[in-house]
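Colleague: Pasting a structure here, questions to come.
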Amino acid sequence: MPSGRQHDRRTGVAFLSLVAATNVLPWMELLLGQTAAAEPLGPSEIRIVIGTCVLALVFLLCAWFFGRRNPALENAWITEPRRAGLRFALAAAAGNLILAGAIRWLGVRRSLDIPRDLPIFAGVWYLVILPIGLVAGFSLGRAGRMPGRPREGDSRAAL
């Protein structure tokens, strides 16, 4: 049976991986819709998509790091960080999957016009899905145990 600390670390990494992996899906679906058209992709479109995915991963890891390293406030709005991290991670993953499905469905219905549809798509992703993923990363970082920071409900901390 794994120790509590190792188990917490693995579940946090699994949920962070879930968010990071699903962040790629809508962007790749957007590229695939464009490659189905007659025109080949330009290097700038590929750079935007790959750069956005890498930037989202860096933001996610930074949110996890800040959640793990900064001291918890007494009036924190995230009272149960592990549960909140799980819920936010699942919400971000579901949002990514829904957005990828919508892109796929719209691509089947009509050909996607990347220059026209990109601001709407990017707005939804940057203003809704990415912040949910960042809150998930922060919450999962907050739920992890730092050396010297007592865990919630730890009997040794009460002594």
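Here, A, B, ... name the chains of the structure tokens in the order displayed, residue numbers run from 1 inside each chain, and ligands are numbered from 1 in the same displayed order.
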List the spatial neighbours of segment 118-134 of chain A as a ChimeraX atom specification - criterion: any atom at most 8 Å away, only C-alpha atoms, same-chain residues fewer than 2 positions off excluded.

Modeller: /A:19,56,59-60,63-64,88-89,91-92,95-96,114-116,136-138

Colleague: Restrict the selected residues to all heavy atoms and save them as a tab-separated table (two decimals), in the first residue's frame.

Modeller:
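The resulting out05.tsv:
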```tsv
chain	number	residue	atom	x	y	z
A	19	VAL	N	-5.60	17.49	-17.30
A	19	VAL	CA	-5.86	18.84	-17.81
A	19	VAL	C	-4.90	19.18	-18.95
A	19	VAL	O	-5.32	19.68	-19.99
A	19	VAL	CB	-5.75	19.88	-16.67
A	19	VAL	CG1	-5.86	21.28	-17.21
A	19	VAL	CG2	-6.81	19.63	-15.62
A	56	ALA	N	0.12	26.94	-22.14
A	56	ALA	CA	-0.87	26.47	-21.17
A	56	ALA	C	-0.25	25.49	-20.18
A	56	ALA	O	-0.56	25.53	-18.99
A	56	ALA	CB	-2.05	25.80	-21.90
A	59	PHE	N	1.80	27.56	-17.72
A	59	PHE	CA	0.88	28.22	-16.77
A	59	PHE	C	0.34	27.24	-15.75
A	59	PHE	O	0.23	27.55	-14.57
A	59	PHE	CB	-0.28	28.89	-17.51
A	59	PHE	CG	0.06	30.18	-18.19
A	59	PHE	CD1	-0.79	30.69	-19.15
A	59	PHE	CD2	1.21	30.88	-17.89
A	59	PHE	CE1	-0.50	31.89	-19.79
A	59	PHE	CE2	1.52	32.07	-18.53
A	59	PHE	CZ	0.66	32.58	-19.47
A	60	LEU	N	-0.02	26.05	-16.21
A	60	LEU	CA	-0.56	25.03	-15.32
A	60	LEU	C	0.46	24.61	-14.26
A	60	LEU	O	0.15	24.51	-13.07
A	60	LEU	CB	-1.02	23.83	-16.14
A	60	LEU	CG	-1.74	22.71	-15.41
A	60	LEU	CD1	-3.05	23.21	-14.83
A	60	LEU	CD2	-1.99	21.55	-16.37
A	63	ALA	N	0.91	27.45	-11.78
A	63	ALA	CA	-0.21	27.51	-10.83
A	63	ALA	C	-0.05	26.43	-9.77
A	63	ALA	O	-0.28	26.68	-8.58
A	63	ALA	CB	-1.54	27.33	-11.57
A	64	TRP	N	0.36	25.23	-10.18
A	64	TRP	CA	0.59	24.15	-9.21
A	64	TRP	C	1.71	24.54	-8.26
A	64	TRP	O	1.60	24.36	-7.04
A	64	TRP	CB	0.94	22.87	-9.94
A	64	TRP	CG	1.29	21.75	-9.02
A	64	TRP	CD1	0.44	20.91	-8.38
A	64	TRP	CD2	2.61	21.37	-8.62
A	64	TRP	NE1	1.15	20.03	-7.60
A	64	TRP	CE2	2.49	20.28	-7.74
A	64	TRP	CE3	3.88	21.83	-8.92
A	64	TRP	CZ2	3.58	19.66	-7.16
A	64	TRP	CZ3	4.97	21.21	-8.35
A	64	TRP	CH2	4.80	20.14	-7.47
A	88	PHE	N	-12.31	20.88	-10.46
A	88	PHE	CA	-11.88	21.83	-11.47
A	88	PHE	C	-11.14	21.13	-12.62
A	88	PHE	O	-11.27	21.52	-13.78
A	88	PHE	CB	-11.00	22.93	-10.87
A	88	PHE	CG	-11.78	23.97	-10.12
A	88	PHE	CD1	-11.55	24.20	-8.78
A	88	PHE	CD2	-12.73	24.75	-10.77
A	88	PHE	CE1	-12.25	25.17	-8.09
A	88	PHE	CE2	-13.44	25.72	-10.09
A	88	PHE	CZ	-13.21	25.93	-8.74
A	89	ALA	N	-10.34	20.11	-12.31
A	89	ALA	CA	-9.63	19.36	-13.35
A	89	ALA	C	-10.63	18.66	-14.27
A	89	ALA	O	-10.49	18.67	-15.49
A	89	ALA	CB	-8.67	18.35	-12.73
A	91	ALA	N	-13.73	19.56	-14.73
A	91	ALA	CA	-14.46	20.60	-15.48
A	91	ALA	C	-13.62	21.11	-16.65
A	91	ALA	O	-14.15	21.32	-17.75
A	91	ALA	CB	-14.84	21.75	-14.55
A	92	ALA	N	-12.33	21.31	-16.44
A	92	ALA	CA	-11.46	21.77	-17.53
A	92	ALA	C	-11.36	20.71	-18.62
A	92	ALA	O	-11.41	21.03	-19.81
A	92	ALA	CB	-10.08	22.12	-16.99
A	95	GLY	N	-14.63	20.66	-20.48
A	95	GLY	CA	-14.72	21.83	-21.34
A	95	GLY	C	-13.88	21.67	-22.59
A	95	GLY	O	-14.31	22.04	-23.70
A	96	ASN	N	-12.68	21.12	-22.45
A	96	ASN	CA	-11.84	20.87	-23.62
A	96	ASN	C	-12.48	19.87	-24.56
A	96	ASN	O	-12.45	20.04	-25.78
A	96	ASN	CB	-10.46	20.37	-23.18
A	96	ASN	CG	-9.55	21.49	-22.76
A	96	ASN	OD1	-9.52	22.54	-23.38
A	96	ASN	ND2	-8.81	21.27	-21.70
A	114	ILE	N	-10.78	29.33	-40.41
A	114	ILE	CA	-9.91	29.58	-39.27
A	114	ILE	C	-9.79	31.06	-38.92
A	114	ILE	O	-9.98	31.43	-37.78
A	114	ILE	CB	-8.51	28.96	-39.50
A	114	ILE	CG1	-8.61	27.45	-39.58
A	114	ILE	CG2	-7.53	29.36	-38.41
A	114	ILE	CD1	-8.96	26.77	-38.30
A	115	PRO	N	-9.51	31.94	-39.86
A	115	PRO	CA	-9.37	33.35	-39.46
A	115	PRO	C	-10.65	33.91	-38.85
A	115	PRO	O	-10.60	34.74	-37.96
A	115	PRO	CB	-9.02	34.06	-40.76
A	115	PRO	CG	-8.43	33.02	-41.63
A	115	PRO	CD	-9.13	31.75	-41.26
A	116	ARG	N	-11.81	33.46	-39.31
A	116	ARG	CA	-13.06	34.01	-38.80
A	116	ARG	C	-13.45	33.36	-37.46
A	116	ARG	O	-13.93	34.03	-36.56
A	116	ARG	CB	-14.17	33.80	-39.82
A	116	ARG	CG	-15.45	34.51	-39.44
A	116	ARG	CD	-16.50	34.22	-40.42
A	116	ARG	NE	-16.68	32.76	-40.45
A	116	ARG	CZ	-17.64	32.15	-41.09
A	116	ARG	NH1	-18.48	32.84	-41.80
A	116	ARG	NH2	-17.75	30.85	-41.06
A	136	ALA	N	-7.53	24.52	-11.05
A	136	ALA	CA	-7.31	23.10	-10.72
A	136	ALA	C	-5.85	22.86	-10.35
A	136	ALA	O	-5.56	22.18	-9.36
A	136	ALA	CB	-7.71	22.21	-11.90
A	137	GLY	N	-4.93	23.41	-11.12
A	137	GLY	CA	-3.52	23.25	-10.81
A	137	GLY	C	-3.15	23.86	-9.46
A	137	GLY	O	-2.41	23.27	-8.68
A	138	PHE	N	-3.66	25.06	-9.19
A	138	PHE	CA	-3.39	25.70	-7.91
A	138	PHE	C	-3.96	24.87	-6.75
A	138	PHE	O	-3.29	24.66	-5.74
A	138	PHE	CB	-4.01	27.10	-7.90
A	138	PHE	CG	-3.75	27.86	-6.64
A	138	PHE	CD1	-2.55	28.53	-6.46
A	138	PHE	CD2	-4.68	27.89	-5.62
A	138	PHE	CE1	-2.29	29.23	-5.29
A	138	PHE	CE2	-4.43	28.58	-4.44
A	138	PHE	CZ	-3.23	29.25	-4.28
```

Colleague: In Å, rounded to a single decimal, give me how far atom CA of Ala93 of chain A is from atom CA of Pro81 of chain A.

Modeller: 17.7 Å

Colleague: For Ile50 of chain A, list every protein, DNA or RNA residue within 12 Å, evaluated using only C-alpha atoms, and leave out those in the same chain fewer than 2 positions away; present the list as number ranges by chain.

Modeller: A: 23-28, 30-31, 43-48, 52-57
